[in-house]
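Participant: So I've got this file, my_file_17.cif, and it contains mmCIF, C-alpha atoms and all ligand atoms:
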```
data_data
loop_
_atom_site.label_atom_id
_atom_site.label_comp_id
_atom_site.auth_asym_id
_atom_site.auth_seq_id
_atom_site.Cartn_x
_atom_site.Cartn_y
_atom_site.Cartn_z
CA MET R 27 -103.31 -141.27 186.36
CA THR R 28 -102.35 -143.81 183.64
CA MET R 29 -98.71 -144.55 182.69
CA LEU R 30 -99.28 -142.64 179.46
CA GLU R 31 -100.50 -139.59 181.37
CA ILE R 32 -97.49 -139.76 183.72
CA ASP R 33 -95.27 -139.90 180.66
CA TYR R 34 -96.97 -136.86 179.11
CA ARG R 35 -96.72 -135.03 182.42
CA GLU R 36 -92.95 -135.61 182.67
CA ARG R 37 -92.38 -134.62 179.06
CA ILE R 38 -94.46 -131.45 179.40
CA LEU R 39 -92.60 -130.41 182.56
CA SER R 40 -89.22 -130.90 180.93
CA LEU R 41 -90.20 -129.17 177.63
CA LYS R 42 -91.57 -126.26 179.62
CA ARG R 43 -88.23 -125.86 181.40
CA GLN R 44 -86.16 -126.10 178.21
CA ASN R 45 -88.21 -123.56 176.28
CA ASN R 46 -89.40 -120.25 177.61
CA ILE R 47 -93.00 -121.47 178.05
CA ILE R 48 -95.57 -120.76 180.72
CA ILE R 49 -98.75 -122.82 181.16
CA LEU R 50 -101.83 -121.04 182.46
CA ALA R 51 -104.91 -123.04 183.50
CA HIS R 52 -108.40 -121.98 184.47
CA ASN R 53 -109.91 -123.26 187.72
CA TYR R 54 -112.28 -125.53 185.72
CA GLN R 55 -109.55 -127.48 183.93
CA LEU R 56 -109.02 -131.21 184.51
CA ALA R 57 -107.04 -131.92 187.70
CA GLU R 58 -104.05 -133.30 185.80
CA VAL R 59 -103.90 -130.16 183.64
CA GLN R 60 -104.10 -127.86 186.68
CA ASP R 61 -101.23 -129.87 188.20
CA ILE R 62 -98.78 -129.14 185.36
CA ALA R 63 -99.70 -125.43 185.13
CA ASP R 64 -97.45 -122.62 186.36
CA PHE R 65 -100.50 -120.68 187.41
CA VAL R 66 -104.17 -121.63 187.99
CA GLY R 67 -106.82 -118.98 188.44
CA ASP R 68 -110.01 -117.24 187.30
CA SER R 69 -110.37 -115.19 184.11
CA LEU R 70 -109.13 -111.98 185.70
CA ALA R 71 -106.14 -113.52 187.45
CA LEU R 72 -105.14 -115.32 184.22
CA SER R 73 -105.28 -112.02 182.32
CA HIS R 74 -103.05 -110.35 184.92
CA CYS R 75 -100.64 -113.28 184.78
CA ALA R 76 -100.48 -113.18 180.95
CA GLU R 77 -99.70 -109.48 181.17
CA GLN R 78 -96.91 -109.92 183.69
CA THR R 79 -95.11 -113.04 182.49
CA GLU R 80 -91.74 -112.79 180.78
CA ALA R 81 -92.25 -116.06 178.93
CA ASP R 82 -92.30 -115.91 175.11
CA THR R 83 -95.04 -118.49 174.74
CA ILE R 84 -98.20 -119.00 176.79
CA VAL R 85 -99.99 -122.34 176.55
CA PHE R 86 -103.48 -121.35 177.58
CA CYS R 87 -105.49 -124.16 179.13
CA GLY R 88 -108.92 -122.61 179.20
CA VAL R 89 -111.50 -121.67 176.60
CA HIS R 90 -111.01 -119.73 173.40
CA PHE R 91 -112.17 -116.28 174.55
CA MET R 92 -109.65 -116.46 177.43
CA ALA R 93 -106.80 -117.19 175.00
CA GLU R 94 -108.01 -114.32 172.81
CA THR R 95 -107.95 -112.01 175.83
CA ALA R 96 -104.35 -113.04 176.53
CA SER R 97 -103.45 -112.34 172.88
CA ILE R 98 -105.09 -108.89 173.04
CA ILE R 99 -103.20 -108.02 176.23
CA CYS R 100 -99.87 -109.43 175.02
CA PRO R 101 -99.71 -109.05 171.20
CA ASP R 102 -95.96 -109.79 171.21
CA LYS R 103 -96.31 -113.18 172.87
CA LYS R 104 -97.30 -116.41 171.23
CA ILE R 105 -100.58 -117.71 172.66
CA LEU R 106 -101.32 -121.38 172.08
CA ILE R 107 -104.56 -123.18 172.92
CA PRO R 108 -104.31 -127.00 172.96
CA ASP R 109 -107.77 -127.48 171.41
CA LEU R 110 -109.45 -124.96 169.11
CA GLU R 111 -112.86 -126.46 169.86
CA ALA R 112 -112.67 -125.30 173.49
CA GLY R 113 -115.42 -122.71 173.09
CA CYS R 114 -118.00 -121.25 175.45
CA SER R 115 -121.79 -121.55 175.18
CA LEU R 116 -122.21 -118.17 176.91
CA ALA R 117 -119.83 -116.29 174.57
CA SER R 118 -121.77 -117.78 171.62
CA THR R 119 -125.04 -116.13 172.70
CA ILE R 120 -124.16 -112.77 171.12
CA ASN R 121 -122.40 -111.86 167.87
CA PRO R 122 -121.12 -108.47 166.63
CA ASN R 123 -124.18 -107.78 164.43
CA GLU R 124 -126.58 -108.43 167.31
CA LEU R 125 -124.58 -106.05 169.49
CA LYS R 126 -124.53 -103.36 166.78
CA THR R 127 -128.34 -103.58 166.48
CA TRP R 128 -128.75 -103.42 170.27
CA ARG R 129 -126.49 -100.37 170.45
CA CYS R 130 -128.57 -98.61 167.77
CA GLU R 131 -131.66 -99.12 169.94
CA HIS R 132 -129.85 -97.44 172.89
CA PRO R 133 -127.52 -94.87 171.27
CA ASP R 134 -126.58 -93.16 174.56
CA ALA R 135 -125.88 -96.31 176.54
CA VAL R 136 -122.49 -97.56 177.66
CA VAL R 137 -121.76 -101.22 176.81
CA VAL R 138 -120.32 -103.44 179.53
CA SER R 139 -119.28 -106.87 178.26
CA TYR R 140 -118.46 -109.81 180.46
CA VAL R 141 -115.07 -111.28 179.58
CA ASN R 142 -116.93 -114.36 178.23
CA THR R 143 -117.31 -112.75 174.78
CA THR R 144 -115.41 -112.94 171.51
CA ALA R 145 -112.72 -110.35 170.71
CA GLU R 146 -115.04 -108.79 168.10
CA VAL R 147 -117.78 -108.24 170.68
CA LYS R 148 -115.23 -106.77 173.10
CA ALA R 149 -114.11 -104.42 170.31
CA LEU R 150 -117.67 -103.01 170.17
CA SER R 151 -117.81 -102.55 173.95
CA ASP R 152 -116.86 -99.66 176.22
CA TYR R 153 -115.91 -101.74 179.25
CA CYS R 154 -115.02 -105.34 179.84
CA CYS R 155 -115.65 -107.01 183.22
CA THR R 156 -115.25 -110.39 184.88
CA SER R 157 -117.33 -112.05 187.58
CA SER R 158 -114.94 -110.72 190.23
CA ASN R 159 -115.15 -107.05 189.23
CA ALA R 160 -118.52 -106.60 187.42
CA VAL R 161 -120.11 -104.67 190.32
CA LYS R 162 -117.04 -102.43 190.66
CA VAL R 163 -116.96 -101.69 186.91
CA VAL R 164 -120.67 -100.78 186.81
CA ASN R 165 -120.36 -98.63 189.94
CA ASN R 166 -117.65 -96.71 188.14
CA ILE R 167 -120.11 -95.55 185.45
CA SER R 168 -122.22 -92.45 186.10
CA LYS R 169 -125.59 -93.33 187.70
CA ASP R 170 -127.50 -91.43 184.98
CA THR R 171 -125.98 -93.37 182.09
CA ASP R 172 -127.89 -96.32 180.65
CA ILE R 173 -125.90 -99.55 180.57
CA LEU R 174 -126.16 -102.45 178.15
CA PHE R 175 -124.83 -105.46 180.07
CA LEU R 176 -124.01 -108.62 178.16
CA PRO R 177 -124.15 -111.52 177.63
CA ASP R 178 -125.04 -113.24 180.95
CA MET R 179 -128.52 -112.49 182.28
CA PHE R 180 -127.90 -113.94 185.74
CA LEU R 181 -124.70 -111.99 186.28
CA GLY R 182 -126.52 -108.94 184.85
CA SER R 183 -129.45 -109.24 187.25
CA TYR R 184 -127.02 -109.80 190.15
CA VAL R 185 -125.10 -106.63 189.19
CA ALA R 186 -128.37 -104.65 188.86
CA GLU R 187 -129.43 -105.85 192.32
CA MET R 188 -126.06 -105.05 193.94
CA THR R 189 -125.71 -101.60 192.35
CA LYS R 190 -129.44 -100.77 192.84
CA ARG R 191 -129.56 -99.42 189.28
CA LYS R 192 -132.77 -99.45 187.27
CA ASN R 193 -131.07 -98.39 184.01
CA ILE R 194 -129.24 -101.63 183.23
CA PHE R 195 -130.50 -103.49 180.16
CA VAL R 196 -129.41 -107.12 180.22
CA TRP R 197 -128.80 -109.44 177.25
CA PRO R 198 -130.70 -112.74 177.67
CA GLY R 199 -127.64 -115.03 177.42
CA GLU R 200 -126.72 -117.85 179.77
CA CYS R 201 -124.07 -120.49 180.34
CA HIS R 202 -125.55 -123.98 179.95
CA VAL R 203 -123.60 -125.28 182.96
CA HIS R 204 -124.51 -122.54 185.44
CA ALA R 205 -128.07 -122.04 184.18
CA GLY R 206 -128.57 -125.73 184.98
CA ILE R 207 -128.03 -125.05 188.69
CA LYS R 208 -131.58 -124.46 189.92
CA THR R 209 -133.23 -123.34 193.14
CA GLU R 210 -134.40 -126.97 193.72
CA ASP R 211 -130.74 -128.14 193.71
CA ILE R 212 -129.95 -125.55 196.34
CA ASN R 213 -132.93 -126.23 198.56
CA ASN R 214 -132.16 -129.93 198.44
CA ILE R 215 -128.57 -129.50 199.71
CA LEU R 216 -129.25 -126.61 202.07
CA SER R 217 -131.85 -128.66 203.90
CA LYS R 218 -129.21 -131.35 204.60
CA THR R 219 -126.27 -129.13 205.55
CA LYS R 220 -127.23 -126.56 208.15
CA GLU R 221 -123.78 -125.17 208.99
CA ALA R 222 -122.04 -124.99 205.61
CA ASP R 223 -121.05 -121.74 203.90
CA PHE R 224 -122.75 -121.52 200.53
CA LEU R 225 -120.52 -120.23 197.68
CA VAL R 226 -122.30 -119.46 194.42
CA HIS R 227 -120.97 -118.18 191.08
CA PRO R 228 -122.99 -115.22 189.73
CA GLU R 229 -123.55 -117.01 186.40
CA CYS R 230 -125.78 -119.55 188.17
CA GLY R 231 -129.47 -119.66 187.27
CA CYS R 232 -130.21 -119.67 190.97
CA THR R 233 -128.33 -116.44 191.72
CA SER R 234 -131.33 -114.13 191.51
CA SER R 235 -133.65 -116.39 193.47
CA THR R 236 -130.95 -116.99 196.08
CA LEU R 237 -130.50 -113.27 196.57
CA TYR R 238 -134.27 -112.90 196.74
CA ASN R 239 -134.48 -115.53 199.47
CA VAL R 240 -131.65 -113.97 201.41
CA THR R 241 -132.91 -110.43 201.22
CA LYS R 242 -136.65 -111.08 201.55
CA ASP R 243 -136.86 -114.08 203.85
CA GLY R 244 -133.89 -113.29 206.05
CA LEU R 245 -132.59 -116.83 205.54
CA ASN R 246 -129.97 -117.35 208.22
CA ARG R 247 -127.23 -118.71 206.03
CA ASN R 248 -123.76 -117.56 205.01
CA ILE R 249 -124.27 -117.07 201.27
CA HIS R 250 -121.47 -115.62 199.16
CA VAL R 251 -121.78 -114.77 195.46
CA LEU R 252 -118.20 -115.07 194.19
CA SER R 253 -116.02 -115.57 191.12
CA THR R 254 -114.03 -118.80 191.08
CA GLU R 255 -110.98 -117.04 192.55
CA GLY R 256 -113.24 -115.36 195.12
CA MET R 257 -114.32 -118.86 196.18
CA MET R 258 -110.70 -119.93 196.62
CA LYS R 259 -109.99 -116.90 198.78
CA HIS R 260 -113.15 -117.32 200.83
CA ALA R 261 -112.46 -121.01 201.53
CA ARG R 262 -108.95 -120.09 202.72
CA MET R 263 -110.07 -117.28 205.04
CA SER R 264 -113.33 -118.69 206.44
CA SER R 265 -113.41 -120.46 209.80
CA SER R 266 -116.16 -122.73 208.45
CA LYS R 267 -115.30 -126.38 207.92
CA GLN R 268 -117.92 -127.17 205.32
CA PHE R 269 -118.75 -125.44 202.01
CA ILE R 270 -121.39 -125.97 199.34
CA ILE R 271 -120.00 -125.07 195.93
CA ALA R 272 -122.34 -123.87 193.18
CA THR R 273 -120.18 -123.71 190.07
CA GLU R 274 -118.34 -125.98 187.64
CA THR R 275 -116.89 -128.96 189.51
CA GLY R 276 -113.29 -128.49 188.25
CA ILE R 277 -112.70 -126.00 191.05
CA LEU R 278 -113.09 -128.74 193.68
CA HIS R 279 -109.60 -130.05 192.88
CA ARG R 280 -107.92 -126.83 193.99
CA LEU R 281 -110.32 -126.22 196.87
CA ARG R 282 -109.62 -129.68 198.32
CA ASN R 283 -105.86 -129.58 197.67
CA GLU R 284 -105.38 -126.18 199.28
CA ASN R 285 -107.74 -126.82 202.22
CA PRO R 286 -107.28 -130.47 203.21
CA ASP R 287 -109.00 -130.02 206.58
CA LYS R 288 -112.21 -128.64 205.04
CA GLU R 289 -115.10 -130.32 203.22
CA PHE R 290 -116.39 -129.14 199.83
CA ILE R 291 -119.74 -130.38 198.54
CA PRO R 292 -120.67 -129.72 194.89
CA ILE R 293 -124.24 -128.56 194.50
CA LYS R 294 -124.45 -130.67 191.33
CA GLU R 295 -122.00 -133.46 190.47
CA ASP R 296 -122.75 -133.03 186.76
CA ALA R 297 -122.09 -129.27 186.60
CA VAL R 298 -119.30 -129.93 184.10
CA CYS R 299 -118.19 -127.66 181.24
CA LYS R 300 -117.51 -129.91 178.26
CA TYR R 301 -115.49 -127.14 176.61
CA MET R 302 -113.09 -126.76 179.53
CA LYS R 303 -112.69 -130.54 179.66
CA ARG R 304 -111.60 -130.80 176.01
CA ILE R 305 -108.03 -130.06 177.08
CA ASN R 306 -105.97 -132.95 178.41
CA LEU R 307 -102.28 -133.76 178.90
CA GLU R 308 -101.92 -135.31 175.45
CA LYS R 309 -103.24 -132.14 173.82
CA VAL R 310 -101.04 -129.89 175.97
CA HIS R 311 -98.04 -131.98 174.94
CA ASN R 312 -99.06 -131.79 171.28
CA SER R 313 -99.49 -128.04 171.62
CA ILE R 314 -95.93 -127.57 172.87
CA VAL R 315 -94.24 -130.02 170.51
CA ASN R 316 -96.04 -128.87 167.35
CA ASP R 317 -96.43 -125.21 168.30
CA VAL R 318 -100.24 -125.35 167.87
CA PHE R 319 -102.87 -123.84 167.90
CA GLU R 320 -101.93 -120.21 167.81
CA VAL R 321 -104.65 -117.74 168.77
CA ARG R 322 -104.25 -114.35 167.10
CA VAL R 323 -106.65 -111.44 167.08
CA PRO R 324 -106.52 -109.10 164.03
CA PRO R 325 -104.69 -105.89 165.14
CA LYS R 326 -107.64 -103.54 164.43
CA VAL R 327 -110.03 -105.67 166.51
CA ALA R 328 -107.40 -106.17 169.21
CA GLN R 329 -106.71 -102.42 169.56
CA LYS R 330 -110.40 -101.64 170.14
CA ALA R 331 -110.97 -104.62 172.42
CA LYS R 332 -107.90 -103.61 174.44
CA LEU R 333 -109.48 -100.26 175.28
CA ALA R 334 -112.41 -102.06 176.96
CA ILE R 335 -110.04 -104.44 178.77
CA ASP R 336 -107.71 -101.60 179.87
CA ARG R 337 -110.66 -99.67 181.30
CA MET R 338 -111.52 -102.75 183.35
CA MET R 339 -107.92 -103.33 184.44
CA SER R 340 -107.58 -99.73 185.61
CA ILE R 341 -110.66 -100.16 187.85
CA SER R 342 -109.90 -103.61 189.32
P1 LIG R 401 -114.40 -116.80 186.43
O1 LIG R 401 -114.15 -115.43 185.90
O2 LIG R 401 -115.05 -116.77 187.77
O3 LIG R 401 -113.19 -117.62 186.34
O4 LIG R 401 -115.50 -117.49 185.49
C1 LIG R 401 -115.25 -117.74 184.15
C2 LIG R 401 -116.24 -118.66 183.60
O5 LIG R 401 -116.19 -119.05 182.46
C3 LIG R 401 -117.31 -119.09 184.47
O6 LIG R 401 -118.08 -120.01 183.82
FE1 LIG R 402 -118.44 -120.81 179.15
FE2 LIG R 402 -120.07 -121.85 180.95
FE3 LIG R 402 -117.93 -123.19 180.24
FE4 LIG R 402 -117.70 -120.96 181.73
S1 LIG R 402 -118.65 -122.89 182.32
S2 LIG R 402 -116.47 -121.51 179.95
S3 LIG R 402 -119.36 -119.74 180.88
S4 LIG R 402 -119.66 -122.68 178.90
#
```
Can you present the structure in this file as structure tokens?

Facilitator:
Amino acid sequence: MTMLEIDYRERILSLKRQNNIIILAHNYQLAEVQDIADFVGDSLALSHCAEQTEADTIVFCGVHFMAETASIICPDKKILIPDLEAGCSLASTINPNELKTWRCEHPDAVVVSYVNTTAEVKALSDYCCTSSNAVKVVNNISKDTDILFLPDMFLGSYVAEMTKRKNIFVWPGECHVHAGIKTEDINNILSKTKEADFLVHPECGCTSSTLYNVTKDGLNRNIHVLSTEGMMKHARMSSSKQFIIATETGILHRLRNENPDKEFIPIKEDAVCKYMKRINLEKVHNSIVNDVFEVRVPPKVAQKAKLAIDRMMSIS
């Protein structure tokens, strides 16, 4: 860390104490941002934390849809994001008009939206879900009801496989970081590390082929499809000493810090989300000092989106 960063760190920590501010950070944030946060977690855990905190202001170090979700859950709190350009390539793959058209083609279907969507798309959805509860949410819907699952096709095909449902229609969206993790990357590392547990995020392009290999070839390997928080938990509980991590590399900071006696190998060193990495200490400091950038969801949109989020929260 540079002297300037140390300075920002100290100032942020003291400002946070003086004002009633909480800093939430996603598992993919830069290490130095994770280190000044009050809580680091996955999308679901951050939503729960936003709901429970007594702080007046939440500085949300994550991407825009996550800050929007916090604002929907806690309309009375001030939600600040340090950089408004922290977007998400996956959330951008579907807009409200596209969803309206899709719904018209399947008028009896229930819409399940991954949390990586804008507030407006959530407002047009029946259920929200995250990577840690998608299977549970879908299992909660009657087997005879058609489901429109959006926007991630790899998570959608994983959910269809796990729930054994044939009536899930999946939107063809993908995250540029996870879609870039291919079967070749996996085969390359798996051939070199025979004992490691293999932890893979369901947004990965390799998820379906990995499941196929496991179920059809009987590959003798401990493979776990997990959300980022699921990976943290697994690493803590497993007796394994070595883990291959197939997700954004920001999570390695926490994995290594919390499990110093274990080894974590990224499947791809360049699996980096440029949106998550837009936030740094200087921007967090600016956010607190200048009270920027507030994320607010129009009340009508927020009320509808909250129904989908509440349905998810009541299941998970
Ligand atoms: P998690 O819900 O596992 O934190 O994932 C969010 C995300 O954006 C993954 O790319
Ligand atoms: Fe969106 Fe992908 Fe970045 Fe997650 S890693 S925030 S899905 S662009």

Participant: R:Leu216: which residues within 12 Å, counting all atoms listed in the file, same-chain residues fewer than 6 positions away excluded, as a list in words?

Facilitator: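 In the requested format, the answer is Thr209, Glu210, Ala222, Asp223, Phe224, Leu225, Thr236, Leu245, Asn246, Arg247, Asn248, Ile249, Gln268, Phe269, Ile270, Ile271, Ala272, Ile291, Pro292 and Ile293 of chain R.
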
Participant: Hey, which residues come within 10 Å of ligand LIG 402 (chain R) if we count all atoms listed in the file? Could you give them as a PyMOL selection string?

Facilitator: chain R and resi 52+54-55+69+88-92+112-118+140-143+178+200-205+229-230+273-276+297-303

Participant: Which residues are near ligand LIG 401 (chain R) in this structure, taking near to mean any atom at most 6 Å from a ligand atom and counting all atoms listed in the file? Format them as a ChimeraX atom specification.

Facilitator: /R:68-69,156-157,253-254

Participant: Hey, can you check how far atom CA of R:Ser266 sits from atom CA of R:Ile212?

Facilitator: 18.6 Å

Participant: Pick from R:Leu174, R:Met263, R:Ile38, R:Leu252: nearest to R:Glu131, with all atoms listed in the file counted?

Facilitator: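 Closest candidate: R:Leu174.
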
Participant: Would you please work out which residue, of R:Val136, R:Met27, R:Val327, R:Val85, is nearest to R:Pro108 when using all atoms listed in the file?

Facilitator: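 Nearest to R:Pro108: R:Val85.
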
Participant: Could you name the residues that touch R:Asp287 at 12 Å or less, counting only C-alpha atoms, but leaving out those on the same chain fewer than 3 positions away, as a PyMOL selection string?

Facilitator: chain R and resi 261-262+265-269+281-284+290

Participant: Please identify all polymer residues within 10 Å of R:Val185, counting all atoms listed in the file, omitting same-chain residues fewer than 2 positions from it, and present them as a PyMOL selection string.

Facilitator: chain R and resi 157+159-165+175+179-183+187-191+194+196+228

Participant: Quick one: pull the distance between atom CA of R:Lys169 and atom CA of R:Pro133, Å, one decimal.

Facilitator: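 Separating atom CA of R:Lys169 from atom CA of R:Pro133 is a distance of 16.6 Å.
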